[in-house]
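To keep things clear, I will list the structure first and then write my remarks on it.
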Amino acid sequence: MNNYIDGMDQDNLDQIISDDEFRDRANLLITLVNKARLGIVILDQNFKVVEANQRYADMLGYTLEELKNLYIWDWEVIATTNEIKNNYVDLSTVDFSLETRHRRKDGSIFDVEVNGTGSSISGKNGKYNMGMCICQDISARKLIEKQLQLSESKYRRFVENAADIVMTINPDQDITYVSPNCKRVLGYDAEELEGKIFLSCFLPGDGEIFLSNVQACFGGELNPHTDYRIIHKNSQVEWYSILFSKTEDEVGNPLMICNARNITEKKNYEKNLEYFGTHDQLTGIYNRKYFKDELFRQSQKDSYPLSILSFDLDNLKEANDNFGHIAGDILLKNCALVVENALRKGDVFARIGGDEFSIIFPSTAKEEADVILKRIEQGIVVYNENCQEPKLSISIGIATTENASEPLELVLTKSDKSMYVNKKEKKLLNVRDLETFDE
């Protein structure tokens, strides 16, 4: 494998790694999508379904197999086909949150909130524009809003059993009403909050933002919704999206309606997506994409001298062949752990290929990098003394630049070449040892 890589240029190597990374990230994304409790659908640039989870299929009344043969206009009610095509010419750039209506397979129509995010993904045949929509049925909320316009008594009956908490706040920022479901959702009785300023329930900083938004809305600067961290009565911090609507009370005094929805699950899902977009799934360290982005970021900083260390496992193939792929995976994870324990805070450690790793040492001269290298080598010695087969062996290369005049991509290339030289020297040494043994 290494001889094959030696004969390739960097562009081809990048392509191989990008394809592998694409497959890993695609498989991970599909797993997350299928486990999510929100309706999720992924579209290609032709607006055809690429992937969806069971929750979204159930929302529309289709099977997953049926859904994968549909286009967005097969269920979208408000936007026309031409409007969709014209408004989203490049799906990779979309970032929106909107309310619309969807049509089920049986023809019935329901209200839905859609959060759309686009991305461009590199694959074997080039780049693919994709769009992911996280969808939530908001029929109950829309019905509540309609009932608000009809009568207070009907409104109260609906909100008592709703998932969203509904509050009203006066211009003095006092809570004048809280829906009874507050006890079930947030742990507080309505009486504990009514007549008070809703500040103590927020995480420090978020409460001030909330009150500022309330004041701005009373002043006419209507803010559709903002996300806040609110403390449950059991001390657990949860995320809520609060929608503001200005109205009047029975005698014409201004009043603000706040519709608070728990979005903790959505926030956790987004956090997981962000983490797995920058980290290697097996070892937990940074992945190739993050490493390349960090190279660019470091090139914009004054963190010189800067050193880069490259290394790969000498015996991963042998470990897989002799002990199985599970043993090979364990060796990769243990290797990452041994090396990480020798690093400093601020060093950037990434797995950039199957058995290849790189480390960025900001503000680090060659002498300092050599000290860290000795710690890594000592860590490997200790590991091998206390473990069974397969043992840990790596080939290492280091390169240092003193200033920004040398591109960091070139420094990385130098460290890679130095690593390959080290690997070849070790192979020659092993051959000589075998020859001496035979004699």
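By order in the structure tokens, chains are A, B, ...; within a chain, residues start at 1; ligands start at 1, following the order shown.
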- Message: Considering only alpha helix (DSSP H) as DSSP defines it on the backbone, what residues of segment 72-302 of chain A qualify? List them as number ranges by chain.
- Response: A: 81-87, 139-150, 152-159, 182-186, 190-193, 206-218, 264-278, 288-299
- Item | strand (DSSP E or B) per DSSP on the backbone: members of segment 240-433 of chain A, as a PyMOL selection string | chain A and resi 240-248+254-262+279+286+306-313+348-351+356-361+394-401
Please produce an output containing C-alpha atoms for each residue in the selection, written as an mmCIF file, in the first residue's frame.
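Final file, result.cif:
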data_model
loop_
_atom_site.group_PDB
_atom_site.id
_atom_site.type_symbol
_atom_site.label_atom_id
_atom_site.label_comp_id
_atom_site.auth_asym_id
_atom_site.auth_seq_id
_atom_site.Cartn_x
_atom_site.Cartn_y
_atom_site.Cartn_z
ATOM 1 C CA TYR A 240 -36.177 26.520 24.127
ATOM 2 C CA SER A 241 -37.154 28.461 21.026
ATOM 3 C CA ILE A 242 -39.465 31.336 21.955
ATOM 4 C CA LEU A 243 -41.748 32.930 19.384
ATOM 5 C CA PHE A 244 -43.014 36.461 20.113
ATOM 6 C CA SER A 245 -46.414 37.756 19.018
ATOM 7 C CA LYS A 246 -47.658 41.232 19.975
ATOM 8 C CA THR A 247 -51.319 41.608 20.916
ATOM 9 C CA GLU A 248 -53.602 43.450 23.379
ATOM 10 C CA PRO A 254 -50.259 45.983 24.864
ATOM 11 C CA LEU A 255 -49.356 42.382 25.600
ATOM 12 C CA MET A 256 -46.700 40.006 24.320
ATOM 13 C CA ILE A 257 -47.509 36.344 23.686
ATOM 14 C CA CYS A 258 -44.482 34.054 24.058
ATOM 15 C CA ASN A 259 -44.719 30.535 22.637
ATOM 16 C CA ALA A 260 -41.873 28.451 24.137
ATOM 17 C CA ARG A 261 -40.959 25.148 22.480
ATOM 18 C CA ASN A 262 -38.418 22.676 23.863
ATOM 19 C CA HIS A 279 -13.818 14.346 14.205
ATOM 20 C CA TYR A 286 -9.855 15.425 14.440
ATOM 21 C CA LEU A 306 5.477 26.082 13.400
ATOM 22 C CA SER A 307 6.200 22.369 13.173
ATOM 23 C CA ILE A 308 4.217 19.543 11.595
ATOM 24 C CA LEU A 309 4.650 15.878 12.513
ATOM 25 C CA SER A 310 3.389 13.101 10.245
ATOM 26 C CA PHE A 311 3.319 9.402 11.113
ATOM 27 C CA ASP A 312 1.634 6.169 10.156
ATOM 28 C CA LEU A 313 1.276 2.716 11.635
ATOM 29 C CA VAL A 348 -3.847 19.792 16.596
ATOM 30 C CA PHE A 349 -3.903 16.002 16.185
ATOM 31 C CA ALA A 350 -5.795 14.407 13.276
ATOM 32 C CA ARG A 351 -6.259 11.133 11.453
ATOM 33 C CA GLU A 356 -1.885 8.055 8.589
ATOM 34 C CA PHE A 357 -1.892 10.821 11.191
ATOM 35 C CA SER A 358 -0.616 14.400 11.368
ATOM 36 C CA ILE A 359 -0.032 16.891 14.175
ATOM 37 C CA ILE A 360 0.310 20.678 13.992
ATOM 38 C CA PHE A 361 2.552 22.243 16.647
ATOM 39 C CA ILE A 394 5.035 3.972 13.818
ATOM 40 C CA SER A 395 7.171 5.784 11.247
ATOM 41 C CA ILE A 396 7.570 9.517 11.879
ATOM 42 C CA GLY A 397 8.580 12.618 9.961
ATOM 43 C CA ILE A 398 8.886 16.231 11.154
ATOM 44 C CA ALA A 399 9.187 19.511 9.268
ATOM 45 C CA THR A 400 9.422 23.062 10.626
ATOM 46 C CA THR A 401 8.936 26.502 9.112
#
- Message: So, with only C-alpha atoms as the atoms that count, which of A:Leu28, A:Leu410, A:Val185, A:Ala216 lies closest to Asn234 of chain A?
- Response: A:Val185
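Near Lys68 of chain A, within 9 Å and counting only C-alpha atoms, sit Lys48, Val49, Val50, Glu51, Ala52 and Thr63 of chain A; same-chain residues fewer than 5 positions away were not included.
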Please produce a file of the residues just selected, as a CSV table (one decimal), in the first residue's frame, where the atoms kept are N, CA and C atoms.
chain,number,residue,atom,x,y,z
A,48,LYS,N,-34.8,15.8,-5.5
A,48,LYS,CA,-35.3,14.4,-5.3
A,48,LYS,C,-34.8,13.9,-3.9
A,49,VAL,N,-35.6,13.0,-3.3
A,49,VAL,CA,-35.3,12.5,-2.0
A,49,VAL,C,-34.1,11.5,-2.2
A,50,VAL,N,-33.0,11.8,-1.4
A,50,VAL,CA,-31.9,10.9,-1.3
A,50,VAL,C,-32.0,10.0,-0.1
A,51,GLU,N,-32.4,10.6,1.0
A,51,GLU,CA,-32.6,9.8,2.3
A,51,GLU,C,-33.6,10.5,3.1
A,52,ALA,N,-34.3,9.7,3.9
A,52,ALA,CA,-35.3,10.2,4.9
A,52,ALA,C,-35.4,9.2,6.0
A,63,THR,N,-44.4,5.0,2.7
A,63,THR,CA,-43.3,4.1,3.1
A,63,THR,C,-42.0,4.8,2.7
- Message: With only C-alpha atoms as the counted atoms, please give the residues lying no more than 12 Å from segment 326-331 of chain A, apart from itself and same-chain residues fewer than 3 positions off, as a ChimeraX atom specification.
- Response: /A:281-283,312-323,334-338,354-355,380,383-384,387-394
Store the residues picked out above, limited to C-alpha atoms, as a JSON list (two decimals), in the first residue's frame.
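Now in result.json:
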[["chain", "number", "residue", "atom", "x", "y", "z"],
["A", 281, "GLN", "CA", -15.46, 8.39, 14.12],
["A", 282, "LEU", "CA", -13.09, 5.59, 15.18],
["A", 283, "THR", "CA", -10.41, 7.38, 17.20],
["A", 312, "ASP", "CA", 1.63, 6.17, 10.16],
["A", 313, "LEU", "CA", 1.28, 2.72, 11.64],
["A", 314, "ASP", "CA", 3.90, 0.31, 10.33],
["A", 315, "ASN", "CA", 1.93, -2.84, 10.94],
["A", 316, "LEU", "CA", -1.78, -2.10, 10.51],
["A", 317, "LYS", "CA", -2.15, -4.49, 7.55],
["A", 318, "GLU", "CA", -0.35, -7.26, 9.44],
["A", 319, "ALA", "CA", -2.57, -6.66, 12.48],
["A", 320, "ASN", "CA", -5.70, -6.91, 10.32],
["A", 321, "ASP", "CA", -4.44, -10.03, 8.51],
["A", 322, "ASN", "CA", -3.16, -11.86, 11.60],
["A", 323, "PHE", "CA", -5.55, -10.77, 14.32],
["A", 334, "ASN", "CA", -4.69, 2.88, 21.18],
["A", 335, "CYS", "CA", -2.15, 4.57, 18.92],
["A", 336, "ALA", "CA", -4.20, 7.77, 18.94],
["A", 337, "LEU", "CA", -4.52, 7.59, 22.72],
["A", 338, "VAL", "CA", -0.77, 7.03, 23.32],
["A", 354, "GLY", "CA", -6.52, 4.92, 7.02],
["A", 355, "ASP", "CA", -3.27, 4.53, 8.97],
["A", 380, "ILE", "CA", 5.00, 3.62, 22.68],
["A", 383, "TYR", "CA", 2.56, 0.63, 25.77],
["A", 384, "ASN", "CA", 4.39, -2.28, 24.13],
["A", 387, "CYS", "CA", 0.28, -5.06, 26.02],
["A", 388, "GLN", "CA", -0.07, -8.25, 24.04],
["A", 389, "GLU", "CA", 0.22, -8.56, 20.27],
["A", 390, "PRO", "CA", -0.09, -6.71, 18.03],
["A", 391, "LYS", "CA", 2.60, -4.27, 19.17],
["A", 392, "LEU", "CA", 2.57, -0.59, 18.27],
["A", 393, "SER", "CA", 5.11, 0.68, 15.72],
["A", 394, "ILE", "CA", 5.04, 3.97, 13.82]]
- Item | Polymer residues at most 7 Å from Gly131 of chain A, only C-alpha atoms, same-chain spacing of 4 or more positions, as a ChimeraX atom specification | /A:42-44,91-92,116-119
Same residues, N, CA and C atoms, saved as a JSON list (two decimals), in the first residue's frame:
[["chain", "number", "residue", "atom", "x", "y", "z"],
["A", 42, "ILE", "N", -33.37, 14.39, 3.16],
["A", 42, "ILE", "CA", -32.20, 14.91, 2.45],
["A", 42, "ILE", "C", -32.49, 14.88, 0.96],
["A", 43, "LEU", "N", -32.27, 16.02, 0.29],
["A", 43, "LEU", "CA", -32.57, 16.17, -1.13],
["A", 43, "LEU", "C", -31.31, 16.42, -1.93],
["A", 44, "ASP", "N", -31.30, 15.95, -3.19],
["A", 44, "ASP", "CA", -30.20, 16.31, -4.07],
["A", 44, "ASP", "C", -30.54, 17.61, -4.82],
["A", 91, "LEU", "N", -28.37, 24.41, -3.82],
["A", 91, "LEU", "CA", -28.79, 23.89, -2.52],
["A", 91, "LEU", "C", -27.70, 23.98, -1.47],
["A", 92, "SER", "N", -26.44, 23.99, -1.90],
["A", 92, "SER", "CA", -25.34, 24.00, -0.92],
["A", 92, "SER", "C", -25.31, 25.28, -0.11],
["A", 116, "GLY", "N", -33.93, 24.33, 7.01],
["A", 116, "GLY", "CA", -33.14, 23.78, 5.91],
["A", 116, "GLY", "C", -31.69, 24.22, 5.98],
["A", 117, "THR", "N", -30.80, 23.27, 5.71],
["A", 117, "THR", "CA", -29.37, 23.54, 5.68],
["A", 117, "THR", "C", -28.77, 22.84, 4.47],
["A", 118, "GLY", "N", -27.92, 23.56, 3.72],
["A", 118, "GLY", "CA", -27.30, 22.99, 2.54],
["A", 118, "GLY", "C", -25.83, 22.70, 2.75],
["A", 119, "SER", "N", -25.29, 21.85, 1.87],
["A", 119, "SER", "CA", -23.87, 21.52, 1.93],
["A", 119, "SER", "C", -23.44, 20.99, 0.58]]
- Task: Determine, counting only C-alpha atoms, which protein, DNA and RNA residues have an atom within 12 Å of an atom of Phe202 of chain A; residues of the same chain fewer than 6 positions away are not included. Present the result as a PyMOL selection string.
- Result: chain A and resi 186+208-211+227-233+235-240
